[in-house]
file coords_17.cif (mmCIF, C-alpha atoms)
data_run
loop_
_atom_site.label_atom_id
_atom_site.label_comp_id
_atom_site.auth_asym_id
_atom_site.auth_seq_id
_atom_site.Cartn_x
_atom_site.Cartn_y
_atom_site.Cartn_z
CA MET A 511 40.81 98.58 -12.19
CA LYS A 512 40.13 95.13 -10.74
CA ALA A 513 40.83 96.40 -7.23
CA LYS A 514 38.35 99.24 -7.68
CA ILE A 515 35.61 96.83 -8.86
CA SER A 516 36.38 94.48 -5.95
CA VAL A 517 36.05 97.35 -3.46
CA MET A 518 32.73 98.40 -5.02
CA ILE A 519 31.37 94.84 -4.83
CA LEU A 520 32.55 94.44 -1.23
CA THR A 521 30.96 97.79 -0.28
CA ALA A 522 27.65 96.79 -1.90
CA MET A 523 27.68 93.47 0.00
CA LEU A 524 28.31 95.21 3.32
CA ILE A 525 25.51 97.71 2.71
CA SER A 526 23.09 94.89 1.88
CA LEU A 527 24.04 93.05 5.10
CA LEU A 528 23.42 96.17 7.17
CA ALA A 529 19.95 96.56 5.62
CA VAL A 530 18.69 93.27 7.14
CA PRO A 531 16.04 93.97 9.81
CA ALA A 532 16.78 93.18 13.45
CA SER A 533 13.90 90.68 13.65
CA ALA A 534 15.41 88.36 11.04
CA ASN A 535 15.63 85.51 13.56
CA ALA A 536 11.81 85.13 13.66
CA ALA A 537 10.45 82.33 11.48
CA THR A 538 7.00 81.57 10.07
CA TYR A 539 5.47 78.08 10.23
CA GLN A 540 2.21 76.53 9.07
CA SER A 541 0.29 73.30 9.40
CA TYR A 542 -3.13 71.96 8.48
CA LEU A 543 -5.33 68.90 8.98
CA GLU A 544 -7.84 67.71 6.38
CA ARG A 545 -10.66 65.28 7.13
CA GLY A 546 -13.52 63.79 5.17
CA ILE A 547 -14.71 63.83 1.57
CA LYS A 548 -14.95 67.15 -0.27
CA PHE A 549 -18.45 68.37 -1.19
CA ILE A 550 -20.07 65.94 1.29
CA CYS A 551 -18.43 66.16 4.71
CA TYR A 552 -14.99 67.79 4.67
CA SER A 553 -13.09 70.13 6.94
CA LYS A 554 -9.67 71.73 6.93
CA ASP A 555 -8.12 73.08 10.13
CA SER A 556 -5.24 75.50 9.48
CA VAL A 557 -2.77 77.42 11.60
CA THR A 558 0.08 79.79 10.73
CA TRP A 559 2.40 81.11 13.42
CA GLU A 560 5.60 83.04 13.96
CA GLY A 561 8.16 82.31 16.61
CA ASN A 562 11.57 83.43 17.75
CA SER A 563 14.08 81.86 20.13
CA SER A 564 11.96 82.46 23.24
CA ARG A 565 8.24 82.60 22.35
CA ILE A 566 5.46 82.41 19.77
CA THR A 567 5.05 85.99 18.60
CA SER A 568 1.73 85.58 16.74
CA TYR A 569 -0.62 82.98 15.30
CA ASP A 570 -3.68 82.78 13.09
CA ALA A 571 -5.96 79.73 13.16
CA TRP A 572 -9.05 79.08 11.04
CA GLN A 573 -11.38 76.39 9.74
CA SER A 574 -12.91 75.81 6.34
CA LYS A 575 -15.46 73.27 5.17
CA SER A 576 -17.02 71.73 2.12
CA GLY A 577 -20.31 69.89 2.15
CA PHE A 578 -23.58 69.96 4.01
CA LEU A 579 -22.95 67.28 6.66
CA ILE A 580 -20.60 69.32 8.83
CA ASN A 581 -20.76 72.41 11.04
CA LEU A 582 -17.64 74.24 12.20
CA ASN A 583 -17.62 75.30 15.86
CA GLY A 584 -14.43 77.36 16.04
CA VAL A 585 -10.88 77.35 17.38
CA THR A 586 -9.94 77.70 21.06
CA GLN A 587 -6.52 78.32 22.59
CA LEU A 588 -6.27 76.30 25.80
CA ASN A 589 -3.16 77.61 27.54
CA LYS A 590 -2.59 81.32 27.90
CA SER A 591 0.31 81.37 30.37
CA VAL A 592 3.09 79.60 28.41
CA SER A 593 4.41 81.70 25.55
CA SER A 594 6.59 79.07 23.82
CA VAL A 595 3.98 76.27 23.43
CA TYR A 596 0.33 76.71 22.44
CA PHE A 597 -2.49 74.14 22.49
CA LEU A 598 -5.25 74.86 19.96
CA ASN A 599 -8.53 72.94 19.73
CA PHE A 600 -10.50 72.81 16.46
CA LYS A 601 -14.12 71.82 17.09
CA LYS A 602 -16.61 70.58 14.50
CA THR A 603 -19.93 68.72 14.42
CA LEU A 604 -20.56 65.90 11.96
CA LEU A 605 -24.20 65.42 10.93
CA ALA A 606 -26.21 62.57 9.45
CA GLY A 607 -29.86 63.45 9.17
CA ALA A 608 -31.40 66.87 9.57
CA VAL A 609 -31.69 69.65 12.11
CA ILE A 610 -35.29 70.86 12.34
CA SER A 611 -36.06 73.78 14.65
CA GLY A 612 -32.87 73.12 16.60
CA VAL A 613 -33.60 69.39 17.05
CA THR A 614 -31.32 66.87 15.32
CA ILE A 615 -33.20 64.00 13.73
CA GLY A 616 -30.63 61.37 12.94
CA TYR A 617 -27.09 61.45 14.26
CA SER A 618 -24.57 64.11 15.20
CA ALA A 619 -21.12 63.84 16.73
CA THR A 620 -18.82 66.58 17.98
CA VAL A 621 -15.17 66.07 17.10
CA ILE A 622 -12.24 68.01 18.56
CA ASP A 623 -8.82 67.89 16.91
CA GLN A 624 -5.89 69.48 18.72
CA ILE A 625 -2.56 70.84 17.58
CA ILE A 626 0.38 71.69 19.81
CA ILE A 627 2.67 74.31 18.26
CA THR A 628 6.02 75.55 19.52
CA ASN A 629 8.11 78.66 19.00
CA TRP A 630 10.77 76.61 17.15
CA GLY A 631 8.26 75.23 14.60
CA ALA A 632 7.48 71.77 15.93
CA ARG A 633 3.84 70.66 15.75
CA TRP A 634 1.81 67.63 16.84
CA TRP A 635 -1.78 66.84 15.85
CA SER A 636 -4.07 64.76 18.08
CA TYR A 637 -7.30 63.44 16.58
CA ASP A 638 -10.69 63.02 18.28
CA ILE A 639 -9.56 64.09 21.74
#

call {"tool": "encode", "arguments": {"input": "coords_17.cif", "output": "structure tokens"}}
result
Amino acid sequence: MKAKISVMILTAMLISLLAVPASANAATYQSYLERGIKFICYSKDSVTWEGNSSRITSYDAWQSKSGFLINLNGVTQLNKSVSSVYFLNFKKTLLAGAVISGVTIGYSATVIDQIIITNWGARWWSYDI
């Protein structure tokens, strides 16, 4: 009886191992950078990506904000030719004053933060490049 149960358990384990998809070696990574004070001048730059042993298979990058003293200007991928390392720039404009008819009265500064991501999950942030 014990041998029969052992064979059934072993068979179930083998079947479950065979059901694993072939792309199981791909991994998902994420990183984010937060700056500022929420509800006044705050931004969050986020990226999620998947990579396998040879390249980054996909990524999704986005920005979010809180407050009225900041404008988000988008995300740009700099290098398109290397598939294992991506450079992404997150651009935003910090405001102090007002924008009237397209003219800024006061102060504005454009800030670019950059992340370097790799297919094996490493990441490096650079601030104010």

call {"tool": "resolve_selection", "arguments": {"input": "coords_17.cif", "expression": "the PyMOL selection byres ((chain A and resi 551) around 12)", "output": "short mmCIF file (atom, residue, chain, number, x, y, z; two decimals) with C-alpha atoms, in the coordinates of the input"}}
result
data_model
loop_
_atom_site.label_atom_id
_atom_site.label_comp_id
_atom_site.auth_asym_id
_atom_site.auth_seq_id
_atom_site.Cartn_x
_atom_site.Cartn_y
_atom_site.Cartn_z
CA GLU A 544 -7.84 67.71 6.38
CA ARG A 545 -10.66 65.28 7.13
CA GLY A 546 -13.52 63.79 5.17
CA ILE A 547 -14.71 63.83 1.57
CA LYS A 548 -14.95 67.15 -0.27
CA PHE A 549 -18.45 68.37 -1.19
CA ILE A 550 -20.07 65.94 1.29
CA TYR A 552 -14.99 67.79 4.67
CA SER A 553 -13.09 70.13 6.94
CA LYS A 554 -9.67 71.73 6.93
CA SER A 574 -12.91 75.81 6.34
CA LYS A 575 -15.46 73.27 5.17
CA SER A 576 -17.02 71.73 2.12
CA GLY A 577 -20.31 69.89 2.15
CA PHE A 578 -23.58 69.96 4.01
CA LEU A 579 -22.95 67.28 6.66
CA ILE A 580 -20.60 69.32 8.83
CA ASN A 581 -20.76 72.41 11.04
CA LEU A 582 -17.64 74.24 12.20
CA LYS A 602 -16.61 70.58 14.50
CA THR A 603 -19.93 68.72 14.42
CA LEU A 604 -20.56 65.90 11.96
CA LEU A 605 -24.20 65.42 10.93
CA ALA A 606 -26.21 62.57 9.45
#

call {"tool": "atom_distance", "arguments": {"input": "coords_17.cif", "atom1": "CA of Ser594 in chain A", "atom2": "CA of Asn629 in chain A"}}
result
5.1 Å

call {"tool": "resolve_selection", "arguments": {"input": "coords_17.cif", "expression": "the PyMOL selection byres ((chain A and resi 542) around 10)", "output": "ChimeraX atom specification"}}
result
/A:540-541,543-544,554-558,571-573,625,635

call {"tool": "atom_distance", "arguments": {"input": "coords_17.cif", "atom1": "CA of Ser568 in chain A", "atom2": "CA of Phe597 in chain A"}}
result
13.5 Å

call {"tool": "closest_residue", "arguments": {"input": "coords_17.cif", "among": "A:Thr614, A:Asn535, A:Asn583, A:Thr628", "to": "Tyr569 in chain A", "atoms": "only C-alpha atoms"}}
result
A:Thr628

call {"tool": "atom_distance", "arguments": {"input": "coords_17.cif", "atom1": "CA of Arg633 in chain A", "atom2": "CA of Val621 in chain A"}}
result
19.6 Å

call {"tool": "resolve_selection", "arguments": {"input": "coords_17.cif", "expression": "the PyMOL selection byres ((chain A and resi 622) around 10)", "output": "list in words"}}
result
Asn583, Gly584, Val585, Leu598, Asn599, Phe600, Lys601, Lys602, Thr603, Ala619, Thr620, Val621, Asp623, Gln624, Ser636, Tyr637, Asp638 and Ile639 of chain A

call {"tool": "residues_around", "arguments": {"input": "coords_17.cif", "residues": "Ala536 in chain A", "least_positions_apart": "5", "cutoff": "12 Å", "atoms": "all atoms listed in the file", "output": "PyMOL selection string"}}
result
chain A and resi 531+559-568+629-631
